[in-house]
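Novice: Below you'll find data10.pdb; it's PDB, C-alpha atoms and all ligand atoms.
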ATOM      1  CA  MET A   1     124.115 129.225 113.057
ATOM      2  CA  ILE A   2     123.016 126.912 115.861
ATOM      3  CA  PRO A   3     126.235 125.760 117.606
ATOM      4  CA  SER A   4     126.642 122.177 116.465
ATOM      5  CA  ARG A   5     129.028 119.315 116.055
ATOM      6  CA  ILE A   6     129.731 118.827 112.375
ATOM      7  CA  LEU A   7     131.522 115.883 110.820
ATOM      8  CA  ILE A   8     133.249 116.630 107.512
ATOM      9  CA  VAL A   9     134.239 113.657 105.359
ATOM     10  CA  GLU A  10     136.440 114.918 102.535
ATOM     11  CA  ASP A  11     139.659 113.564 101.036
ATOM     12  CA  GLU A  12     140.877 116.720  99.312
ATOM     13  CA  PRO A  13     143.143 118.461 101.888
ATOM     14  CA  ALA A  14     142.679 122.054 100.665
ATOM     15  CA  LEU A  15     138.902 121.767 100.492
ATOM     16  CA  LEU A  16     138.791 120.024 103.864
ATOM     17  CA  ARG A  17     140.773 122.862 105.423
ATOM     18  CA  GLY A  18     138.471 125.474 103.909
ATOM     19  CA  LEU A  19     135.354 123.663 105.084
ATOM     20  CA  LYS A  20     136.749 123.226 108.571
ATOM     21  CA  ASP A  21     137.624 126.932 108.857
ATOM     22  CA  THR A  22     134.153 127.889 107.622
ATOM     23  CA  PHE A  23     132.336 125.979 110.347
ATOM     24  CA  VAL A  24     134.819 126.729 113.117
ATOM     25  CA  SER A  25     134.256 130.425 112.349
ATOM     26  CA  GLN A  26     130.508 129.772 112.777
ATOM     27  CA  GLY A  27     131.117 128.508 116.313
ATOM     28  CA  CYS A  28     130.764 124.822 115.470
ATOM     29  CA  GLU A  29     132.757 121.904 116.803
ATOM     30  CA  VAL A  30     134.282 120.304 113.706
ATOM     31  CA  LEU A  31     135.384 116.696 113.307
ATOM     32  CA  VAL A  32     137.154 115.588 110.140
ATOM     33  CA  ALA A  33     137.739 112.330 108.296
ATOM     34  CA  GLN A  34     139.822 111.958 105.144
ATOM     35  CA  ASN A  35     138.636 108.589 103.899
ATOM     36  CA  GLY A  36     135.350 106.725 103.804
ATOM     37  CA  GLU A  37     136.151 104.113 106.404
ATOM     38  CA  GLN A  38     137.237 106.670 108.983
ATOM     39  CA  GLY A  39     134.207 108.761 108.029
ATOM     40  CA  LEU A  40     131.756 105.965 108.704
ATOM     41  CA  ASN A  41     133.421 105.061 112.003
ATOM     42  CA  MET A  42     133.205 108.663 113.152
ATOM     43  CA  ALA A  43     129.627 109.056 111.938
ATOM     44  CA  LEU A  44     128.594 106.057 114.033
ATOM     45  CA  GLY A  45     130.919 106.697 116.958
ATOM     46  CA  THR A  46     130.788 110.434 117.599
ATOM     47  CA  ASN A  47     127.098 111.201 116.993
ATOM     48  CA  PRO A  48     127.519 114.480 115.059
ATOM     49  CA  ASP A  49     124.568 116.865 114.551
ATOM     50  CA  LEU A  50     125.216 116.953 110.815
ATOM     51  CA  ILE A  51     127.478 115.218 108.293
ATOM     52  CA  LEU A  52     129.033 116.963 105.330
ATOM     53  CA  LEU A  53     129.768 114.085 103.018
ATOM     54  CA  ASP A  54     131.922 113.958  99.902
ATOM     55  CA  ILE A  55     130.881 111.247  97.421
ATOM     56  CA  MET A  56     134.147 110.137  95.815
ATOM     57  CA  LEU A  57     136.267 108.960  98.732
ATOM     58  CA  PRO A  58     139.003 106.355  99.238
ATOM     59  CA  LEU A  59     138.063 103.018 100.890
ATOM     60  CA  LEU A  60     134.305 103.615 101.095
ATOM     61  CA  ASN A  61     132.306 106.044  98.989
ATOM     62  CA  GLY A  62     129.727 108.538 100.185
ATOM     63  CA  TYR A  63     126.770 106.445  99.023
ATOM     64  CA  GLU A  64     127.912 103.484 101.115
ATOM     65  CA  ILE A  65     128.383 105.726 104.143
ATOM     66  CA  CYS A  66     124.935 107.228 103.656
ATOM     67  CA  ARG A  67     123.280 103.845 103.457
ATOM     68  CA  ALA A  68     125.163 102.455 106.483
ATOM     69  CA  VAL A  69     124.348 105.499 108.632
ATOM     70  CA  ARG A  70     120.623 105.221 107.853
ATOM     71  CA  GLU A  71     120.646 101.448 108.342
ATOM     72  CA  SER A  72     122.049 102.044 111.808
ATOM     73  CA  GLY A  73     118.912 104.069 112.568
ATOM     74  CA  ARG A  74     120.660 107.442 112.866
ATOM     75  CA  GLU A  75     118.709 110.395 111.514
ATOM     76  CA  MET A  76     121.143 113.316 111.635
ATOM     77  CA  PRO A  77     121.061 115.447 108.470
ATOM     78  CA  ILE A  78     123.495 114.467 105.724
ATOM     79  CA  LEU A  79     124.527 117.071 103.163
ATOM     80  CA  MET A  80     126.259 115.551 100.138
ATOM     81  CA  VAL A  81     129.115 117.504  98.649
ATOM     82  CA  THR A  82     129.581 116.386  95.097
ATOM     83  CA  ALA A  83     131.815 117.320  92.210
ATOM     84  CA  LYS A  84     129.498 115.542  89.870
ATOM     85  CA  GLY A  85     126.604 117.515  88.540
ATOM     86  CA  GLN A  86     124.811 114.504  87.122
ATOM     87  CA  GLU A  87     121.249 114.263  88.305
ATOM     88  CA  GLU A  88     121.379 110.449  88.607
ATOM     89  CA  ASP A  89     124.195 110.648  91.157
ATOM     90  CA  ILE A  90     122.345 113.216  93.206
ATOM     91  CA  ILE A  91     119.095 111.257  93.046
ATOM     92  CA  LEU A  92     120.906 108.073  94.112
ATOM     93  CA  GLY A  93     122.369 109.837  97.149
ATOM     94  CA  LEU A  94     119.037 111.381  98.116
ATOM     95  CA  ASN A  95     117.245 108.058  97.778
ATOM     96  CA  LEU A  96     119.918 106.413  99.979
ATOM     97  CA  GLY A  97     119.115 108.835 102.780
ATOM     98  CA  ALA A  98     121.025 112.067 102.175
ATOM     99  CA  ASP A  99     118.942 115.172 102.940
ATOM    100  CA  ASP A 100     120.386 117.688 100.538
ATOM    101  CA  TYR A 101     123.338 118.263  98.240
ATOM    102  CA  ILE A 102     125.675 120.995  97.122
ATOM    103  CA  ILE A 103     127.760 120.910  93.947
ATOM    104  CA  LYS A 104     131.445 121.877  93.904
ATOM    105  CA  PRO A 105     132.510 124.580  93.447
ATOM    106  CA  PHE A 106     130.019 126.329  95.708
ATOM    107  CA  ARG A 107     129.823 129.661  97.464
ATOM    108  CA  ARG A 108     130.586 129.683 101.184
ATOM    109  CA  GLY A 109     127.379 131.599 101.872
ATOM    110  CA  GLU A 110     125.255 129.017 100.131
ATOM    111  CA  LEU A 111     126.888 126.188 102.058
ATOM    112  CA  ILE A 112     126.245 127.943 105.372
ATOM    113  CA  ALA A 113     122.620 128.601 104.402
ATOM    114  CA  ARG A 114     122.008 124.952 103.479
ATOM    115  CA  VAL A 115     123.625 123.641 106.667
ATOM    116  CA  SER A 116     121.696 126.168 108.785
ATOM    117  CA  ALA A 117     118.401 125.119 107.208
ATOM    118  CA  LEU A 118     119.058 121.456 107.966
ATOM    119  CA  LEU A 119     120.063 122.203 111.566
ATOM    120  CA  ARG A 120     116.960 124.380 112.116
ATOM    121  CA  ARG A 121     114.791 121.576 110.860
ATOM    122  CA  THR A 122     116.229 119.067 113.354
ATOM    123  CA  ARG A 123     115.933 121.559 116.192
ATOM    124  CA  SER A 124     112.219 122.290 115.751
ATOM    125  CA  LYS A 125     110.962 118.952 114.466
ATOM    126  CA  GLN A 126     108.785 118.105 117.468
ATOM    127  CA  SER A 127     106.607 121.185 117.342
ATOM    128  CA  ALA A 128     102.948 120.649 116.351
ATOM    129  CA  THR A 129     102.699 124.096 114.810
ATOM    130  CA  PHE A 130     104.952 125.358 112.091
ATOM    131  CA  ARG A 131     105.132 128.951 110.857
ATOM    132  CA  PHE A 132     106.398 130.099 107.493
ATOM    133  CA  GLY A 133     105.826 133.576 106.050
ATOM    134  CA  ASP A 134     102.441 134.647 107.441
ATOM    135  CA  TYR A 135     101.211 131.050 107.495
ATOM    136  CA  GLU A 136     100.677 128.748 110.399
ATOM    137  CA  LEU A 137     100.420 125.032 109.777
ATOM    138  CA  ASN A 138      98.737 123.179 112.603
ATOM    139  CA  LEU A 139      99.850 119.581 112.309
ATOM    140  CA  SER A 140      97.566 118.181 114.997
ATOM    141  CA  ALA A 141      94.407 119.942 113.756
ATOM    142  CA  HIS A 142      95.354 119.309 110.119
ATOM    143  CA  LYS A 143      94.703 122.918 109.228
ATOM    144  CA  LEU A 144      96.562 125.738 107.526
ATOM    145  CA  PHE A 145      95.969 129.358 108.535
ATOM    146  CA  ARG A 146      97.052 132.578 106.953
ATOM    147  CA  GLY A 147      96.811 135.614 109.213
ATOM    148  CA  GLY A 148      94.337 133.700 111.384
ATOM    149  CA  LYS A 149      92.082 132.719 108.449
ATOM    150  CA  GLU A 150      91.924 129.124 107.349
ATOM    151  CA  VAL A 151      93.286 128.216 103.920
ATOM    152  CA  VAL A 152      91.281 125.180 102.852
ATOM    153  CA  LEU A 153      93.443 122.328 101.548
ATOM    154  CA  THR A 154      92.475 118.910 100.243
ATOM    155  CA  ALA A 155      93.684 115.948 102.308
ATOM    156  CA  LYS A 156      96.395 115.253  99.730
ATOM    157  CA  GLU A 157      97.562 118.873  99.635
ATOM    158  CA  PHE A 158      97.743 118.919 103.420
ATOM    159  CA  ARG A 159      99.803 115.721 103.552
ATOM    160  CA  LEU A 160     102.129 117.014 100.868
ATOM    161  CA  LEU A 161     102.597 120.343 102.648
ATOM    162  CA  ALA A 162     103.134 118.610 106.006
ATOM    163  CA  TYR A 163     105.756 116.385 104.368
ATOM    164  CA  PHE A 164     107.503 119.382 102.824
ATOM    165  CA  VAL A 165     107.512 121.230 106.141
ATOM    166  CA  ASP A 166     108.850 118.184 107.965
ATOM    167  CA  HIS A 167     111.658 118.005 105.395
ATOM    168  CA  ARG A 168     112.282 121.695 104.931
ATOM    169  CA  GLY A 169     115.714 122.496 103.586
ATOM    170  CA  CYS A 170     115.954 119.008 102.069
ATOM    171  CA  ALA A 171     116.122 118.174  98.384
ATOM    172  CA  LEU A 172     113.353 115.644  97.816
ATOM    173  CA  THR A 173     113.195 113.342  94.824
ATOM    174  CA  ARG A 174     109.830 112.525  93.275
ATOM    175  CA  ASP A 175     110.308 108.903  94.401
ATOM    176  CA  GLU A 176     110.743 109.936  98.033
ATOM    177  CA  ILE A 177     107.664 112.149  97.858
ATOM    178  CA  LEU A 178     105.605 109.440  96.163
ATOM    179  CA  ASN A 179     106.554 106.798  98.724
ATOM    180  CA  SER A 180     105.959 109.023 101.720
ATOM    181  CA  VAL A 181     102.855 110.971 100.719
ATOM    182  CA  TRP A 182     101.042 108.621  98.365
ATOM    183  CA  GLY A 183     102.383 105.310  99.685
ATOM    184  CA  ASN A 184     102.008 102.256  97.508
ATOM    185  CA  SER A 185      98.253 101.921  97.863
ATOM    186  CA  VAL A 186      97.381 103.637  94.611
ATOM    187  CA  ILE A 187      98.880 103.846  91.186
ATOM    188  CA  VAL A 188     100.369 107.281  90.762
ATOM    189  CA  THR A 189     102.963 108.772  88.500
ATOM    190  CA  PRO A 190     105.434 111.573  89.148
ATOM    191  CA  ARG A 191     102.967 113.738  87.231
ATOM    192  CA  SER A 192     100.503 113.319  90.128
ATOM    193  CA  ILE A 193     103.049 114.997  92.393
ATOM    194  CA  ASP A 194     103.550 117.849  89.965
ATOM    195  CA  ARG A 195      99.790 118.403  89.736
ATOM    196  CA  CYS A 196      99.385 118.391  93.513
ATOM    197  CA  VAL A 197     102.332 120.794  93.866
ATOM    198  CA  ALA A 198     100.691 123.077  91.293
ATOM    199  CA  THR A 199      97.378 123.262  93.164
ATOM    200  CA  LEU A 200      99.165 123.713  96.489
ATOM    201  CA  ARG A 201     101.287 126.508  95.048
ATOM    202  CA  ALA A 202      98.172 128.208  93.714
ATOM    203  CA  LYS A 203      96.860 128.318  97.285
ATOM    204  CA  ILE A 204      99.974 129.343  99.203
ATOM    205  CA  GLU A 205     102.513 131.001  96.909
ATOM    206  CA  PRO A 206     102.270 134.796  96.685
ATOM    207  CA  HIS A 207     103.789 134.701  93.170
ATOM    208  CA  ALA A 208     103.058 131.575  91.161
ATOM    209  CA  HIS A 209     105.982 132.125  88.787
ATOM    210  CA  SER A 210     108.667 132.643  91.412
ATOM    211  CA  PRO A 211     107.740 130.371  94.324
ATOM    212  CA  ALA A 212     108.918 131.514  97.750
ATOM    213  CA  TYR A 213     108.346 128.193  99.525
ATOM    214  CA  ILE A 214     108.110 125.212  97.189
ATOM    215  CA  HIS A 215     111.131 125.350  94.892
ATOM    216  CA  THR A 216     111.504 123.139  91.841
ATOM    217  CA  ILE A 217     114.874 121.426  91.459
ATOM    218  CA  ARG A 218     115.190 120.670  87.800
ATOM    219  CA  ASP A 219     115.358 116.945  86.909
ATOM    220  CA  ILE A 220     115.315 115.986  90.595
ATOM    221  CA  GLY A 221     112.266 117.100  92.522
ATOM    222  CA  TYR A 222     111.452 119.807  95.049
ATOM    223  CA  ARG A 223     112.828 121.617  98.076
ATOM    224  CA  PHE A 224     110.680 123.472 100.629
ATOM    225  CA  GLU A 225     112.310 126.550 102.125
ATOM    226  CA  ASP A 226     110.815 128.383 105.056
ATOM    227  CA  GLY A 227     112.663 131.619 104.289
ATOM    228  CA  GLY A 228     113.871 131.854 107.901
ATOM    229  CA  GLY A 229     117.522 132.593 107.153
ATOM    230  CA  GLU A 230     120.028 133.434 109.871
TER
HETATM  231 CA    CA B 301     136.685 113.357  96.907
END
Show me, as structure tokens, the structure contained in the file I just sent.

Specialist:
Amino acid sequence: MIPSRILIVEDEPALLRGLKDTFVSQGCEVLVAQNGEQGLNMALGTNPDLILLDIMLPLLNGYEICRAVRESGREMPILMVTAKGQEEDIILGLNLGADDYIIKPFRRGELIARVSALLRRTRSKQSATFRFGDYELNLSAHKLFRGGKEVVLTAKEFRLLAYFVDHRGCALTRDEILNSVWGNSVIVTPRSIDRCVATLRAKIEPHAHSPAYIHTIRDIGYRFEDGGGE
């Protein structure tokens, strides 16, 4: 894992201890807050590289923290840790600016993988070329290559893929995708996204039935994974 400063906002002492140990053992600097108010103050005051954010917290809940952090203009990744499995709660958090979520109880390995993916994304965001598998996406030329040969995409497919790549490791709701890729200029439905994802998958996924890159998150949306684990 990229050595990072991680803020953990969690009110359950045993879980907080476990999370702290996990990231300290990964070489991270770990800051902790046990209620929402302290969490928000630390998020704004200590400039962490990533925030691990519980939703149900005393004084201020995770949604309010998420919203306030984004309103302050800060863009560090936020991973929601939630005990609730309800899709509406997850969608609300994602639409308020969280990047991804993990549901308690979770495996330590999965948590580390999700955090690593979000940190990698921040680290390499400026690059004009992005590689995944044997693909190379050239963001300035608006072209996708596979083993040096161009894979022809429609303008919409390219924008969707570029958006996915820019948000790799993030859970994306259909609303977020619609607003960012389609904008509000045309009337589209979530079905338009699904159709565009289907044609894009047909062009880039080695196995249509078990996608390696564009993963469906049931009832929520999609998550692009570059497969570059650590
Ligand atoms: Ca809690």

Novice: Could you tell me which residues the PyMOL selection byres (((chain A and resi 171) around 8) and not hetatm) grabs in this file, written as an MDAnalysis selection string?

Specialist: chainID A and resid 94 99:101 169:170 172:173 217 221:224

Novice: Please report the interatomic distance between atom CA of A:Val181 and atom CA of A:Ala98 in Å with one decimal.

Specialist: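 Between atom CA of A:Val181 and atom CA of A:Ala98 the gap is 18.3 Å.
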
Novice: Collect all residues with atoms no farther than 8 Å from ligand CA 301 (chain B), counting all atoms listed in the file, and output them as a list in words.

Specialist: Glu10, Asp11, Glu12, Asp54, Ile55, Met56, Leu57, Pro58, Thr82 and Ala83 of chain A

Novice: State, in Å with one decimal place, the distance from atom CA of A:Tyr135 to atom CA of A:Tyr163.

Specialist: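 We find that atom CA of A:Tyr135 and atom CA of A:Tyr163 lie 15.7 Å from each other.
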
Novice: Of the candidates A:Arg5, A:Arg114, A:Arg159, A:Arg70, which one gets nearest to A:Gly97 if we count all atoms listed in the file?

Specialist: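 Closest residue, counting all atoms listed in the file: A:Arg70.
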
Novice: Distance atom CA of A:Ile177-atom CA of A:Glu87, one decimal place?

Specialist: 16.7 Å

Novice: List every protein, DNA or RNA residue that has an atom no more than 12 Å from (130.9, 102.8, 102.0) in the file's coordinate frame, counting only C-alpha atoms, and report them as a PDB file with C-alpha atoms, keeping the file's coordinate frame.

Specialist:
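Listing of out.pdb after writing:
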ATOM      1  CA  VAL A   9     134.239 113.657 105.359  1.00  0.00           C
ATOM      2  CA  ASN A  35     138.636 108.589 103.899  1.00  0.00           C
ATOM      3  CA  GLY A  36     135.350 106.725 103.804  1.00  0.00           C
ATOM      4  CA  GLU A  37     136.151 104.113 106.404  1.00  0.00           C
ATOM      5  CA  GLN A  38     137.237 106.670 108.983  1.00  0.00           C
ATOM      6  CA  GLY A  39     134.207 108.761 108.029  1.00  0.00           C
ATOM      7  CA  LEU A  40     131.756 105.965 108.704  1.00  0.00           C
ATOM      8  CA  ASN A  41     133.421 105.061 112.003  1.00  0.00           C
ATOM      9  CA  ALA A  43     129.627 109.056 111.938  1.00  0.00           C
ATOM     10  CA  LEU A  53     129.768 114.085 103.018  1.00  0.00           C
ATOM     11  CA  ASP A  54     131.922 113.958  99.902  1.00  0.00           C
ATOM     12  CA  ILE A  55     130.881 111.247  97.421  1.00  0.00           C
ATOM     13  CA  MET A  56     134.147 110.137  95.815  1.00  0.00           C
ATOM     14  CA  LEU A  57     136.267 108.960  98.732  1.00  0.00           C
ATOM     15  CA  PRO A  58     139.003 106.355  99.238  1.00  0.00           C
ATOM     16  CA  LEU A  59     138.063 103.018 100.890  1.00  0.00           C
ATOM     17  CA  LEU A  60     134.305 103.615 101.095  1.00  0.00           C
ATOM     18  CA  ASN A  61     132.306 106.044  98.989  1.00  0.00           C
ATOM     19  CA  GLY A  62     129.727 108.538 100.185  1.00  0.00           C
ATOM     20  CA  TYR A  63     126.770 106.445  99.023  1.00  0.00           C
ATOM     21  CA  GLU A  64     127.912 103.484 101.115  1.00  0.00           C
ATOM     22  CA  ILE A  65     128.383 105.726 104.143  1.00  0.00           C
ATOM     23  CA  CYS A  66     124.935 107.228 103.656  1.00  0.00           C
ATOM     24  CA  ARG A  67     123.280 103.845 103.457  1.00  0.00           C
ATOM     25  CA  ALA A  68     125.163 102.455 106.483  1.00  0.00           C
ATOM     26  CA  VAL A  69     124.348 105.499 108.632  1.00  0.00           C
ATOM     27  CA  LEU A  96     119.918 106.413  99.979  1.00  0.00           C
TER      28      LEU A  96
END

Novice: Can you turn the PyMOL selection byres (((chain A and resi 187-198) around 9) and not hetatm) into a concrete residue list for this file, as a PDB file with C-alpha atoms, in the frame of the given file?

Specialist:
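So the final result, stored in result-v7.pdb, reads:
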ATOM      1  CA  LYS A 156      96.395 115.253  99.730  1.00  0.00           C
ATOM      2  CA  GLU A 157      97.562 118.873  99.635  1.00  0.00           C
ATOM      3  CA  LEU A 160     102.129 117.014 100.868  1.00  0.00           C
ATOM      4  CA  LEU A 161     102.597 120.343 102.648  1.00  0.00           C
ATOM      5  CA  ARG A 174     109.830 112.525  93.275  1.00  0.00           C
ATOM      6  CA  ASP A 175     110.308 108.903  94.401  1.00  0.00           C
ATOM      7  CA  ILE A 177     107.664 112.149  97.858  1.00  0.00           C
ATOM      8  CA  LEU A 178     105.605 109.440  96.163  1.00  0.00           C
ATOM      9  CA  TRP A 182     101.042 108.621  98.365  1.00  0.00           C
ATOM     10  CA  ASN A 184     102.008 102.256  97.508  1.00  0.00           C
ATOM     11  CA  SER A 185      98.253 101.921  97.863  1.00  0.00           C
ATOM     12  CA  VAL A 186      97.381 103.637  94.611  1.00  0.00           C
ATOM     13  CA  THR A 199      97.378 123.262  93.164  1.00  0.00           C
ATOM     14  CA  LEU A 200      99.165 123.713  96.489  1.00  0.00           C
ATOM     15  CA  ARG A 201     101.287 126.508  95.048  1.00  0.00           C
ATOM     16  CA  ALA A 202      98.172 128.208  93.714  1.00  0.00           C
ATOM     17  CA  LYS A 203      96.860 128.318  97.285  1.00  0.00           C
ATOM     18  CA  ALA A 208     103.058 131.575  91.161  1.00  0.00           C
ATOM     19  CA  ILE A 214     108.110 125.212  97.189  1.00  0.00           C
TER      20      ILE A 214
END

Novice: Rank A:Leu15, A:Ala113, A:Met1, A:Leu92 by their smallest atom-to-atom distance to A:Ile220, using only C-alpha atoms, and report the top residue only.

Specialist: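 Using only C-alpha atoms, A:Ile220 sits closest to A:Leu92.
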
Novice: Which of these residues is nearest to A:Leu137, using all atoms listed in the file: A:Val30, A:Val165, A:Ile102, A:Leu111?

Specialist: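 Residue with the minimum atom-to-atom distance to A:Leu137: A:Val165.
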
Novice: Can you spell out as a PyMOL selection string the set of residues that the PyMOL selection byres (((chain A and resi 139) around 12) and not hetatm) selects in the structure I just provided?

Specialist: chain A and resi 125-131+136-138+140-145+158-163+165-166

Novice: Give me, as a PDB file with C-alpha atoms, keeping the file's coordinate frame, all polymer residues having an atom no more than 10 Å from A:Arg108, counting only C-alpha atoms and skipping those fewer than 4 positions away in the same chain.

Specialist:
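File written: result16.pdb
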ATOM      1  CA  GLY A  18     138.471 125.474 103.909  1.00  0.00           C
ATOM      2  CA  LEU A  19     135.354 123.663 105.084  1.00  0.00           C
ATOM      3  CA  THR A  22     134.153 127.889 107.622  1.00  0.00           C
ATOM      4  CA  ILE A 112     126.245 127.943 105.372  1.00  0.00           C
ATOM      5  CA  ALA A 113     122.620 128.601 104.402  1.00  0.00           C
TER       6      ALA A 113
END

Novice: Find, counting all atoms listed in the file, the residue in A:Ser210, A:Arg146, A:Ala14, A:Asp226 that gets nearest to A:His167.

Specialist: A:Asp226
